[in-house]
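Asks: What follows is final-v6.cif, mmCIF, C-alpha atoms.
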data_entry
loop_
_atom_site.label_atom_id
_atom_site.label_comp_id
_atom_site.auth_asym_id
_atom_site.auth_seq_id
_atom_site.Cartn_x
_atom_site.Cartn_y
_atom_site.Cartn_z
CA MET G 1 96.42 20.53 75.54
CA ASP G 2 92.76 20.48 74.68
CA GLY G 3 91.87 22.29 71.50
CA ASP G 4 88.38 23.41 72.46
CA ALA G 5 89.56 25.48 75.36
CA ARG G 6 92.04 27.21 73.08
CA VAL G 7 89.33 28.12 70.60
CA PHE G 8 86.73 29.26 73.06
CA GLU G 9 88.85 31.17 75.53
CA ASP G 10 91.46 33.49 74.24
CA ARG G 11 92.69 35.63 77.05
CA SER G 12 96.08 37.06 77.20
CA PRO G 13 98.51 35.41 79.56
CA GLY G 14 98.42 36.78 83.03
CA VAL G 15 94.81 37.83 82.93
CA GLU G 16 92.27 36.03 85.01
CA HIS G 17 88.83 35.51 83.63
CA GLN G 18 86.66 38.40 84.64
CA GLU G 19 82.92 37.97 84.65
CA SER G 20 81.27 40.61 82.58
CA SER G 21 79.56 43.16 84.77
CA ALA G 22 76.51 42.95 82.51
CA ASN G 23 73.55 40.94 83.61
CA PHE G 24 69.86 40.66 82.94
CA LEU G 25 68.96 42.92 85.85
CA SER G 26 71.18 45.80 84.74
CA TYR G 27 69.75 45.73 81.20
CA THR G 28 66.21 45.68 82.55
CA VAL G 29 66.83 48.53 84.99
CA GLY G 30 68.43 50.49 82.14
CA LEU G 31 65.45 49.85 79.87
CA GLY G 32 63.03 51.00 82.58
CA LEU G 33 64.95 54.21 83.25
CA ALA G 34 65.31 54.90 79.50
CA ILE G 35 61.57 54.46 78.94
CA LEU G 36 60.84 56.77 81.87
CA ALA G 37 63.16 59.43 80.46
CA THR G 38 61.60 59.11 76.99
CA ILE G 39 58.06 59.44 78.33
CA ALA G 40 59.13 62.40 80.47
CA SER G 41 60.59 64.07 77.35
CA PHE G 42 57.31 63.63 75.47
CA ILE G 43 55.28 64.96 78.39
CA VAL G 44 57.55 67.97 78.85
CA SER G 45 57.42 68.83 75.17
CA GLN G 46 53.66 68.38 74.77
CA THR G 47 52.29 69.97 77.93
CA ASP G 48 52.86 73.16 79.87
CA LEU G 49 54.16 71.29 82.86
CA LEU G 50 57.40 73.26 82.66
CA TRP G 51 57.65 77.01 82.37
CA PRO G 52 57.43 77.34 78.54
CA PRO G 53 60.75 79.17 77.93
CA GLY G 54 62.48 76.49 79.98
CA VAL G 55 61.17 73.55 77.97
CA ALA G 56 64.21 73.39 75.68
CA VAL G 57 66.53 73.27 78.67
CA GLY G 58 64.36 70.59 80.29
CA LEU G 59 64.48 68.48 77.13
CA VAL G 60 68.27 68.79 76.92
CA VAL G 61 68.62 67.77 80.57
CA LEU G 62 66.37 64.74 80.02
CA ALA G 63 68.32 63.78 76.89
CA PHE G 64 71.61 63.91 78.78
CA ALA G 65 70.10 61.87 81.61
CA GLN G 66 68.96 59.22 79.15
CA ILE G 67 72.35 59.19 77.40
CA GLY G 68 73.92 58.63 80.81
CA VAL G 69 71.55 55.73 81.49
CA HIS G 70 72.47 54.18 78.14
CA LEU G 71 76.19 54.59 78.75
CA VAL G 72 76.07 52.99 82.19
CA PHE G 73 73.47 50.25 81.77
CA PHE G 74 73.83 49.32 78.08
CA LEU G 75 77.43 50.18 77.27
CA HIS G 76 78.68 49.33 80.78
CA LEU G 77 80.91 52.35 81.17
CA GLY G 78 81.74 52.30 84.83
CA SER G 79 84.42 53.69 87.03
CA GLY G 80 86.48 50.51 87.18
CA PRO G 81 90.19 50.56 86.34
CA ASP G 82 89.58 48.64 83.10
CA ASN G 83 87.36 51.49 81.93
CA THR G 84 89.79 54.39 82.30
CA ASN G 85 90.76 54.43 78.63
CA ASN G 86 87.15 54.18 77.48
CA ILE G 87 86.12 57.10 79.69
CA LEU G 88 89.05 59.24 78.56
CA ALA G 89 88.22 58.60 74.91
CA LEU G 90 84.58 59.44 75.61
CA ALA G 91 85.56 62.69 77.33
CA PHE G 92 87.65 63.70 74.32
CA GLY G 93 84.81 62.77 71.95
CA LEU G 94 82.37 64.89 73.96
CA LEU G 95 84.80 67.81 73.84
CA VAL G 96 84.97 67.62 70.04
CA VAL G 97 81.19 67.25 69.74
CA PHE G 98 80.69 70.28 72.00
CA LEU G 99 83.19 72.37 70.01
CA VAL G 100 81.61 71.47 66.66
CA ILE G 101 77.99 72.08 67.69
CA ALA G 102 78.40 75.07 70.00
CA GLY G 103 81.06 76.62 67.76
CA SER G 104 78.92 76.31 64.64
CA CYS G 105 75.90 77.82 66.36
CA TRP G 106 77.98 80.67 67.78
CA ILE G 107 79.69 81.51 64.49
CA ILE G 108 76.54 81.35 62.37
CA ALA G 109 74.50 83.36 64.87
CA ASN G 110 77.23 86.00 64.80
CA LEU G 111 77.24 86.01 60.97
CA ASN G 112 73.45 86.36 60.95
CA ASP G 113 73.65 89.32 63.30
CA ASN G 114 76.20 91.07 61.11
CA MET G 115 74.42 90.35 57.85
CA MET G 116 73.38 93.40 55.86
CA PRO G 117 69.62 93.62 55.54
CA MET G 118 68.53 92.07 52.27
CA PRO G 119 65.61 93.29 50.18
CA ALA G 120 62.70 90.91 50.17
CA HIS G 121 62.39 88.88 47.00
CA MET C 1 115.58 21.45 77.70
CA THR C 2 112.73 21.60 80.16
CA ILE C 3 109.40 23.28 79.94
CA THR C 4 108.27 25.10 83.05
CA THR C 5 104.81 26.30 83.79
CA ILE C 6 103.78 29.17 85.99
CA GLU C 7 101.22 27.99 88.49
CA ALA C 8 100.02 31.26 89.91
CA ILE C 9 100.33 34.84 88.84
CA PRO C 10 100.57 37.66 91.35
CA THR C 11 97.33 39.62 91.37
CA GLU C 12 98.99 42.95 90.63
CA LEU C 13 100.22 41.40 87.39
CA ALA C 14 96.95 39.65 86.66
CA TYR C 15 94.88 42.82 86.60
CA GLY C 16 96.99 44.83 84.24
CA ARG C 17 98.42 47.34 86.66
CA GLY C 18 101.72 45.59 86.78
CA GLY C 19 102.05 45.19 83.04
CA GLY C 20 101.31 42.56 80.47
CA PRO C 21 98.92 42.92 77.56
CA ALA C 22 95.22 43.54 78.06
CA PRO C 23 92.85 40.79 76.91
CA THR C 24 92.22 40.81 73.15
CA ARG C 25 88.57 41.45 73.79
CA THR C 26 89.33 44.61 75.77
CA VAL C 27 91.66 45.88 73.07
CA VAL C 28 89.18 45.15 70.26
CA ALA C 29 86.33 46.79 72.14
CA TYR C 30 88.50 49.84 72.84
CA GLY C 31 89.43 50.19 69.17
CA PHE C 32 85.81 49.91 68.15
CA TRP C 33 84.83 52.42 70.83
CA ILE C 34 87.25 54.90 69.21
CA PHE C 35 85.55 54.29 65.87
CA ILE C 36 82.12 54.87 67.43
CA LEU C 37 83.26 58.13 68.98
CA SER C 38 84.57 59.31 65.61
CA ASP C 39 81.24 58.34 64.08
CA ILE C 40 79.50 60.43 66.74
CA VAL C 41 81.80 63.34 65.91
CA MET C 42 80.64 62.96 62.30
CA PHE C 43 77.03 63.04 63.51
CA SER C 44 77.80 66.17 65.51
CA ALA C 45 78.58 67.99 62.23
CA LEU C 46 75.14 67.02 60.92
CA PHE C 47 73.55 68.05 64.23
CA ALA C 48 75.33 71.42 63.97
CA ALA C 49 74.09 71.86 60.40
CA TYR C 50 70.55 71.08 61.51
CA ALA C 51 70.73 73.40 64.52
CA VAL C 52 71.94 76.23 62.27
CA LEU C 53 69.46 75.64 59.44
CA SER C 54 66.35 74.45 61.26
CA GLY C 55 64.68 77.88 61.10
CA ASN C 56 65.27 78.38 57.37
CA THR C 57 62.08 76.89 55.97
CA ALA C 58 62.03 79.19 52.92
CA GLY C 59 58.25 79.51 53.15
CA GLY C 60 57.90 75.72 53.14
CA PRO C 61 56.47 73.51 55.87
CA SER C 62 58.09 73.58 59.30
CA GLY C 63 58.63 70.73 61.71
CA ARG C 64 55.45 71.61 63.57
CA GLU C 65 53.38 70.79 60.48
CA LEU C 66 55.37 67.74 59.40
CA PHE C 67 56.18 65.71 62.50
CA ASN C 68 53.83 63.09 63.85
CA LEU C 69 54.65 62.51 67.49
CA ARG C 70 52.63 59.32 67.75
CA SER C 71 54.74 57.52 65.16
CA LEU C 72 57.84 59.12 66.70
CA PHE C 73 56.98 57.50 70.02
CA ILE C 74 56.47 54.07 68.43
CA GLU C 75 59.73 54.48 66.49
CA THR C 76 61.63 55.43 69.63
CA MET C 77 60.24 52.49 71.58
CA CYS C 78 61.15 50.09 68.75
CA LEU C 79 64.74 51.27 68.78
CA LEU C 80 64.97 51.27 72.57
CA LEU C 81 63.56 47.74 72.86
CA SER C 82 65.85 46.55 70.08
CA SER C 83 68.78 47.89 72.08
CA TYR C 84 67.51 45.92 75.08
CA THR C 85 67.07 42.70 73.11
CA ALA C 86 70.51 43.17 71.53
CA GLY C 87 71.97 43.43 75.04
CA LEU C 88 70.15 40.28 76.16
CA GLY C 89 71.34 38.52 73.01
CA MET C 90 74.89 39.50 73.88
CA LEU C 91 74.42 38.06 77.39
CA SER C 92 73.15 34.77 75.94
CA ALA C 93 76.07 34.66 73.53
CA GLU C 94 78.50 35.08 76.41
CA ARG C 95 76.84 32.15 78.16
CA ARG C 96 77.07 30.15 74.89
CA GLU C 97 73.31 29.76 74.67
CA VAL C 98 72.95 29.65 70.89
CA VAL C 99 69.18 29.19 70.68
CA ARG C 100 68.52 32.04 73.08
CA PHE C 101 70.97 34.22 71.16
CA LEU C 102 69.16 33.48 67.89
CA PHE C 103 65.81 34.31 69.51
CA PHE C 104 67.03 37.70 70.73
CA ALA C 105 68.79 38.40 67.42
CA ALA C 106 65.52 37.75 65.58
CA LEU C 107 63.67 40.09 67.96
CA THR C 108 66.34 42.76 67.45
CA LEU C 109 66.06 42.37 63.68
CA MET C 110 62.29 42.71 63.74
CA LEU C 111 62.32 45.77 66.00
CA GLY C 112 65.04 47.42 63.92
CA ALA C 113 63.14 46.66 60.72
CA ALA C 114 59.96 48.12 62.26
CA PHE C 115 61.88 51.29 63.13
CA LEU C 116 63.19 51.56 59.57
CA PHE C 117 59.77 50.89 58.08
CA ILE C 118 58.18 53.71 60.10
CA GLU C 119 61.01 56.06 59.20
CA VAL C 120 60.91 55.28 55.47
CA SER C 121 57.13 55.68 55.33
CA GLU C 122 57.49 59.02 57.14
CA PHE C 123 60.07 60.13 54.56
CA ALA C 124 57.87 58.95 51.69
CA GLY C 125 54.90 60.83 53.11
CA MET C 126 56.93 64.01 53.40
CA VAL C 127 58.26 63.75 49.85
CA ASN C 128 54.72 63.15 48.57
CA ARG C 129 53.54 66.32 50.31
CA GLY C 130 56.20 68.29 48.46
CA ALA C 131 58.43 68.47 51.53
CA GLY C 132 61.42 66.63 50.07
CA PRO C 133 65.05 67.41 50.81
CA SER C 134 65.24 70.04 48.06
CA ARG C 135 62.36 72.12 49.44
CA SER C 136 64.27 74.17 52.02
CA ALA C 137 67.51 74.31 53.96
CA PHE C 138 65.61 73.02 56.98
CA LEU C 139 64.47 69.94 55.06
CA SER C 140 67.89 69.35 53.50
CA SER C 141 69.51 69.23 56.90
CA PHE C 142 66.62 67.20 58.32
CA PHE C 143 66.95 64.51 55.65
CA SER C 144 70.76 64.47 55.98
CA LEU C 145 70.70 63.99 59.75
CA VAL C 146 67.78 61.60 60.10
CA GLY C 147 68.67 59.80 56.86
CA MET C 148 72.24 59.29 58.03
CA HIS C 149 70.95 57.71 61.24
CA GLY C 150 68.61 55.53 59.18
CA ALA C 151 71.51 54.47 56.96
CA HIS C 152 73.43 53.43 60.08
CA VAL C 153 70.46 51.40 61.30
CA THR C 154 70.27 49.71 57.90
CA ALA C 155 73.98 48.88 58.05
CA GLY C 156 73.48 47.55 61.58
CA LEU C 157 70.69 45.24 60.44
CA VAL C 158 72.82 43.88 57.58
CA TRP C 159 75.65 43.38 60.07
CA LEU C 160 73.33 41.52 62.48
CA VAL C 161 72.18 39.13 59.74
CA TYR C 162 75.84 38.53 58.94
CA MET C 163 76.61 37.88 62.63
CA VAL C 164 73.75 35.37 62.88
CA ALA C 165 75.19 33.57 59.86
CA GLN C 166 78.61 33.52 61.53
CA VAL C 167 77.19 32.13 64.78
CA LEU C 168 75.39 29.40 62.82
CA ALA C 169 78.45 28.54 60.76
CA LYS C 170 81.24 28.88 63.31
CA GLY C 171 79.58 28.68 66.70
CA LEU C 172 80.12 31.10 69.56
CA ARG C 173 83.88 30.98 69.53
CA ALA C 174 86.03 33.80 70.84
CA VAL C 175 86.53 35.60 67.54
CA VAL C 176 82.80 35.58 66.81
CA LEU C 177 82.08 36.82 70.34
CA ARG C 178 84.47 39.74 69.83
CA ARG C 179 82.62 40.71 66.65
CA LEU C 180 79.36 40.49 68.56
CA VAL C 181 80.76 42.84 71.20
CA CYS C 182 81.54 45.33 68.43
CA PHE C 183 78.06 44.91 66.97
CA SER C 184 76.35 45.53 70.30
CA LEU C 185 78.50 48.62 70.90
CA PHE C 186 77.43 49.90 67.46
CA TRP C 187 73.76 49.18 68.08
CA HIS C 188 73.69 50.83 71.51
CA ALA C 189 75.54 53.85 70.11
CA LEU C 190 72.87 54.25 67.41
CA ASP C 191 70.28 54.42 70.16
CA ILE C 192 72.28 57.19 71.85
CA VAL C 193 72.39 59.16 68.59
CA TRP C 194 68.64 58.67 68.26
CA ILE C 195 68.06 60.30 71.67
CA GLY C 196 69.73 63.40 70.23
CA VAL C 197 67.67 63.23 67.03
CA MET C 198 64.43 62.71 68.94
CA THR C 199 65.08 65.61 71.29
CA LEU C 200 66.65 68.19 68.99
CA VAL C 201 64.80 67.48 65.76
CA TYR C 202 61.40 66.14 66.68
CA LEU C 203 60.45 67.23 70.20
CA MET C 204 61.93 70.72 69.89
CA GLY C 205 60.83 71.06 66.26
CA ALA C 206 57.24 70.03 66.93
CA ARG C 207 56.65 72.73 69.54
#
Can you present the structure in this file as structure tokens?
Replies:
Amino acid sequence: MDGDARVFEDRSPGVEHQESSANFLSYTVGLGLAILATIASFIVSQTDLLWPPGVAVGLVVLAFAQIGVHLVFFLHLGSGPDNTNNILALAFGLLVVFLVIAGSCWIIANLNDNMMPMPAH
Amino acid sequence: MTITTIEAIPTELAYGRGGGPAPTRTVVAYGFWIFILSDIVMFSALFAAYAVLSGNTAGGPSGRELFNLRSLFIETMCLLLSSYTAGLGMLSAERREVVRFLFFAALTLMLGAAFLFIEVSEFAGMVNRGAGPSRSAFLSSFFSLVGMHGAHVTAGLVWLVYMVAQVLAKGLRAVVLRRLVCFSLFWHALDIVWIGVMTLVYLMGAR
């Protein structure tokens, strides 16, 4: 048995070698899309291209789009069977993140509303 | 006693649906992915604190007066490009191209260091203007959130130097490759957190 092969390839028995889905093209496409989303965010925030009260929503949508681009093109989260566990963990993480951020904002806004007026210092 | 070998494995067994352990690399990456998600949950607490406190400037400067969008754009591009070069470095490592890997690792290091340099000089400028973390609740939460991200980037750079040393000392063997997979997951995740910081803190704060 040749030692080099043992050192350089440790796969579990019964698993064929799978080529990584990552390649140069996918990283480059991801970079292009991410740069586009970043530039769009700057433009939206600095100009009146969007209806002003809607700018915050526009920025959040662009941020989620860019996060999606990063997840797919850089972190290679796809819909393949080998990714089911990763996606499930991500979904749970997003649930916790949503609960923490939205819950905090909701609770504190409610507290602020019910605060007794304080005399100015 | 005879030793038998199995020549071919049925495909339903080979791809994990029939049973058998997943490849070590898949298991390691999954474990590290869980860590990254818990790290992001930790960041979400800081994001929540910032979202709640961002209006409480206590008469001090607000984001509109403090943030410089030009340096923010350069910072963002540095981090984004470093994510790209880290990905290309990972590709080269998988193809066992050591020189190429070292080239992309050096690029990643330089871009990450440039990001940190811009961030630290921004912090120093703010503290010099009397807008340090103790000035207002807004600034406390700003420095906690952005500083925590910066601390992660610093840790990532130290880790990358360590990985380069490992590649030089041990070569691109399987165990080193698995650590590189974890590093690139970490580095890409930092970029994702930065999208949130850029949008929530800077772009919304500068309006």
Asks: Quick one, how far is atom CA of C:Phe32 from atom CA of C:Leu200?
Replies: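 Separation between atom CA of C:Phe32 and atom CA of C:Leu200: 26.5 Å.
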Asks: Provide as an NGL selection string the residues of chain C at most 8 Å from chain G, counting all atoms listed in the file.
Replies: :C and (9 or 13-16 or 20-25 or 30 or 33-34 or 37-38 or 40-41 or 44-45 or 47-49 or 51-52 or 77 or 80-81 or 83-84 or 87-88 or 91 or 172-174 or 185 or 188 or 192 or 195-196 or 199 or 203-204 or 207)
Asks: Please indicate the distance in Å from atom CA of G:Asn114 to atom CA of C:Ala137, rounded to one decimal place.
Replies: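 Interatomic distance, atom CA of G:Asn114 to atom CA of C:Ala137: 20.2 Å.
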Asks: Could you list the residues chosen by the PyMOL selection byres ((chain C and resi 131) around 12) in this structure as an MDAnalysis selection string?
Replies: chainID C and resid 57:63 65:67 122:130 132:140 142:143
Asks: Taking all atoms listed in the file into account, which of C:Ala29, C:Val158, C:Tyr50, C:Met163 comes nearest C:Gly205?
Replies: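 Under the stated criterion, the closest residue is C:Tyr50.
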Asks: One decimal, in Å: what's the spacing between atom CA of C:Val181 and atom CA of C:Glu75?
Replies: 24.5 Å
Asks: Given the choices C:Ser121, C:Asp39, C:Glu94, C:Leu102, which gets closest to C:His149 if the distance is worked out from all atoms listed in the file?
Replies: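 Looking at the shortest contact to C:His149, the residue is C:Asp39.
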Asks: Write out as number ranges by chain the residues lying within 10 Å of C:Met110, counting only C-alpha atoms and excluding same-chain residues fewer than 4 positions away.
Replies: C: 78, 82, 104-106, 114-116, 157
Asks: Pick out the closest residue to C:Leu46 from this set: C:Arg95, C:Leu160, C:Ala169, C:Leu145. Count all atoms listed in the file.
Replies: C:Leu145
Asks: So that I can see what lies close to C:Tyr162, please list as a list in words the residues with an atom at most 12 Å from it, counting all atoms listed in the file and leaving out residues fewer than 4 positions away in the same chain.
Replies: Ala105, Leu109, Ala155, Gly156, Leu157, Val158, Gln166, Val167, Leu168, Ala169, Lys170, Val176, Arg179, Leu180 and Phe183 of chain C
Asks: Using only C-alpha atoms, which of C:Ala206, C:Val175, C:Val161, C:Val146 sits nearest C:Leu190?
Replies: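 Of C:Ala206, C:Val175, C:Val161, C:Val146, the one nearest C:Leu190 is C:Val146, counting only C-alpha atoms.
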Asks: Could you tell me which of C:Ala113, C:Met90, C:Met148, C:Ala189 comes closest to C:Ile36 if we count all atoms listed in the file?
Replies: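 With all atoms listed in the file as the atom set, the closest residue is C:Ala189.
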Asks: Can you put N, CA and C atoms back into stretch 79-112 of chain G and show it as a PDB file, in the frame of the given file?
Replies:
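What follows is the written file part-v6.pdb:
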ATOM      1  N   SER G  79      83.249  52.982  86.538  1.00  0.00           N
ATOM      2  CA  SER G  79      84.420  53.690  87.030  1.00  0.00           C
ATOM      3  C   SER G  79      85.557  52.735  87.347  1.00  0.00           C
ATOM      4  N   GLY G  80      85.443  51.490  86.885  1.00  0.00           N
ATOM      5  CA  GLY G  80      86.480  50.510  87.180  1.00  0.00           C
ATOM      6  C   GLY G  80      87.783  50.839  86.471  1.00  0.00           C
ATOM      7  N   PRO G  81      88.886  50.251  86.940  1.00  0.00           N
ATOM      8  CA  PRO G  81      90.190  50.560  86.340  1.00  0.00           C
ATOM      9  C   PRO G  81      90.279  50.130  84.881  1.00  0.00           C
ATOM     10  N   ASP G  82      89.515  49.084  84.491  1.00  0.00           N
ATOM     11  CA  ASP G  82      89.580  48.640  83.100  1.00  0.00           C
ATOM     12  C   ASP G  82      88.835  49.578  82.173  1.00  0.00           C
ATOM     13  N   ASN G  83      88.154  50.584  82.752  1.00  0.00           N
ATOM     14  CA  ASN G  83      87.360  51.490  81.930  1.00  0.00           C
ATOM     15  C   ASN G  83      88.008  52.847  81.745  1.00  0.00           C
ATOM     16  N   THR G  84      89.179  53.056  82.345  1.00  0.00           N
ATOM     17  CA  THR G  84      89.790  54.390  82.300  1.00  0.00           C
ATOM     18  C   THR G  84      89.968  54.875  80.874  1.00  0.00           C
ATOM     19  N   ASN G  85      90.506  54.014  80.013  1.00  0.00           N
ATOM     20  CA  ASN G  85      90.760  54.430  78.630  1.00  0.00           C
ATOM     21  C   ASN G  85      89.460  54.757  77.905  1.00  0.00           C
ATOM     22  N   ASN G  86      88.426  53.926  78.138  1.00  0.00           N
ATOM     23  CA  ASN G  86      87.150  54.180  77.480  1.00  0.00           C
ATOM     24  C   ASN G  86      86.588  55.535  77.886  1.00  0.00           C
ATOM     25  N   ILE G  87      86.677  55.838  79.195  1.00  0.00           N
ATOM     26  CA  ILE G  87      86.120  57.100  79.690  1.00  0.00           C
ATOM     27  C   ILE G  87      86.907  58.281  79.124  1.00  0.00           C
ATOM     28  N   LEU G  88      88.230  58.140  79.087  1.00  0.00           N
ATOM     29  CA  LEU G  88      89.050  59.240  78.560  1.00  0.00           C
ATOM     30  C   LEU G  88      88.710  59.510  77.099  1.00  0.00           C
ATOM     31  N   ALA G  89      88.566  58.424  76.313  1.00  0.00           N
ATOM     32  CA  ALA G  89      88.220  58.600  74.910  1.00  0.00           C
ATOM     33  C   ALA G  89      86.857  59.273  74.786  1.00  0.00           C
ATOM     34  N   LEU G  90      85.908  58.840  75.645  1.00  0.00           N
ATOM     35  CA  LEU G  90      84.580  59.440  75.610  1.00  0.00           C
ATOM     36  C   LEU G  90      84.651  60.925  75.939  1.00  0.00           C
ATOM     37  N   ALA G  91      85.445  61.278  76.950  1.00  0.00           N
ATOM     38  CA  ALA G  91      85.560  62.690  77.330  1.00  0.00           C
ATOM     39  C   ALA G  91      86.104  63.502  76.160  1.00  0.00           C
ATOM     40  N   PHE G  92      87.105  62.970  75.462  1.00  0.00           N
ATOM     41  CA  PHE G  92      87.650  63.700  74.320  1.00  0.00           C
ATOM     42  C   PHE G  92      86.602  63.821  73.210  1.00  0.00           C
ATOM     43  N   GLY G  93      85.862  62.728  72.960  1.00  0.00           N
ATOM     44  CA  GLY G  93      84.810  62.770  71.950  1.00  0.00           C
ATOM     45  C   GLY G  93      83.772  63.835  72.279  1.00  0.00           C
ATOM     46  N   LEU G  94      83.372  63.890  73.561  1.00  0.00           N
ATOM     47  CA  LEU G  94      82.370  64.890  73.960  1.00  0.00           C
ATOM     48  C   LEU G  94      82.911  66.297  73.762  1.00  0.00           C
ATOM     49  N   LEU G  95      84.203  66.484  74.050  1.00  0.00           N
ATOM     50  CA  LEU G  95      84.800  67.810  73.840  1.00  0.00           C
ATOM     51  C   LEU G  95      84.689  68.219  72.379  1.00  0.00           C
ATOM     52  N   VAL G  96      85.024  67.284  71.465  1.00  0.00           N
ATOM     53  CA  VAL G  96      84.970  67.620  70.040  1.00  0.00           C
ATOM     54  C   VAL G  96      83.523  67.889  69.622  1.00  0.00           C
ATOM     55  N   VAL G  97      82.593  67.049  70.092  1.00  0.00           N
ATOM     56  CA  VAL G  97      81.190  67.250  69.740  1.00  0.00           C
ATOM     57  C   VAL G  97      80.724  68.624  70.215  1.00  0.00           C
ATOM     58  N   PHE G  98      81.084  68.972  71.465  1.00  0.00           N
ATOM     59  CA  PHE G  98      80.690  70.280  72.000  1.00  0.00           C
ATOM     60  C   PHE G  98      81.271  71.404  71.148  1.00  0.00           C
ATOM     61  N   LEU G  99      82.554  71.295  70.797  1.00  0.00           N
ATOM     62  CA  LEU G  99      83.190  72.370  70.010  1.00  0.00           C
ATOM     63  C   LEU G  99      82.504  72.516  68.656  1.00  0.00           C
ATOM     64  N   VAL G 100      82.207  71.397  68.000  1.00  0.00           N
ATOM     65  CA  VAL G 100      81.610  71.470  66.660  1.00  0.00           C
ATOM     66  C   VAL G 100      80.230  72.103  66.732  1.00  0.00           C
ATOM     67  N   ILE G 101      79.377  71.608  67.670  1.00  0.00           N
ATOM     68  CA  ILE G 101      77.990  72.080  67.690  1.00  0.00           C
ATOM     69  C   ILE G 101      77.921  73.501  68.229  1.00  0.00           C
ATOM     70  N   ALA G 102      78.497  73.731  69.410  1.00  0.00           N
ATOM     71  CA  ALA G 102      78.400  75.070  70.000  1.00  0.00           C
ATOM     72  C   ALA G 102      79.147  76.079  69.132  1.00  0.00           C
ATOM     73  N   GLY G 103      80.301  75.703  68.608  1.00  0.00           N
ATOM     74  CA  GLY G 103      81.060  76.620  67.760  1.00  0.00           C
ATOM     75  C   GLY G 103      80.301  77.000  66.512  1.00  0.00           C
ATOM     76  N   SER G 104      79.676  76.004  65.852  1.00  0.00           N
ATOM     77  CA  SER G 104      78.920  76.310  64.640  1.00  0.00           C
ATOM     78  C   SER G 104      77.784  77.273  64.952  1.00  0.00           C
ATOM     79  N   CYS G 105      77.037  76.955  66.030  1.00  0.00           N
ATOM     80  CA  CYS G 105      75.900  77.820  66.360  1.00  0.00           C
ATOM     81  C   CYS G 105      76.377  79.232  66.659  1.00  0.00           C
ATOM     82  N   TRP G 106      77.450  79.356  67.403  1.00  0.00           N
ATOM     83  CA  TRP G 106      77.980  80.670  67.780  1.00  0.00           C
ATOM     84  C   TRP G 106      78.383  81.453  66.533  1.00  0.00           C
ATOM     85  N   ILE G 107      79.164  80.815  65.665  1.00  0.00           N
ATOM     86  CA  ILE G 107      79.690  81.510  64.490  1.00  0.00           C
ATOM     87  C   ILE G 107      78.555  81.933  63.567  1.00  0.00           C
ATOM     88  N   ILE G 108      77.599  81.011  63.325  1.00  0.00           N
ATOM     89  CA  ILE G 108      76.540  81.350  62.370  1.00  0.00           C
ATOM     90  C   ILE G 108      75.617  82.410  62.942  1.00  0.00           C
ATOM     91  N   ALA G 109      75.334  82.328  64.269  1.00  0.00           N
ATOM     92  CA  ALA G 109      74.500  83.360  64.870  1.00  0.00           C
ATOM     93  C   ALA G 109      75.167  84.717  64.726  1.00  0.00           C
ATOM     94  N   ASN G 110      76.488  84.745  64.940  1.00  0.00           N
ATOM     95  CA  ASN G 110      77.230  86.000  64.800  1.00  0.00           C
ATOM     96  C   ASN G 110      77.161  86.503  63.353  1.00  0.00           C
ATOM     97  N   LEU G 111      77.325  85.605  62.392  1.00  0.00           N
ATOM     98  CA  LEU G 111      77.240  86.010  60.970  1.00  0.00           C
ATOM     99  C   LEU G 111      75.861  86.569  60.660  1.00  0.00           C
ATOM    100  N   ASN G 112      74.816  85.880  61.192  1.00  0.00           N
ATOM    101  CA  ASN G 112      73.450  86.360  60.950  1.00  0.00           C
ATOM    102  C   ASN G 112      73.262  87.763  61.482  1.00  0.00           C
TER     103      ASN G 112
END
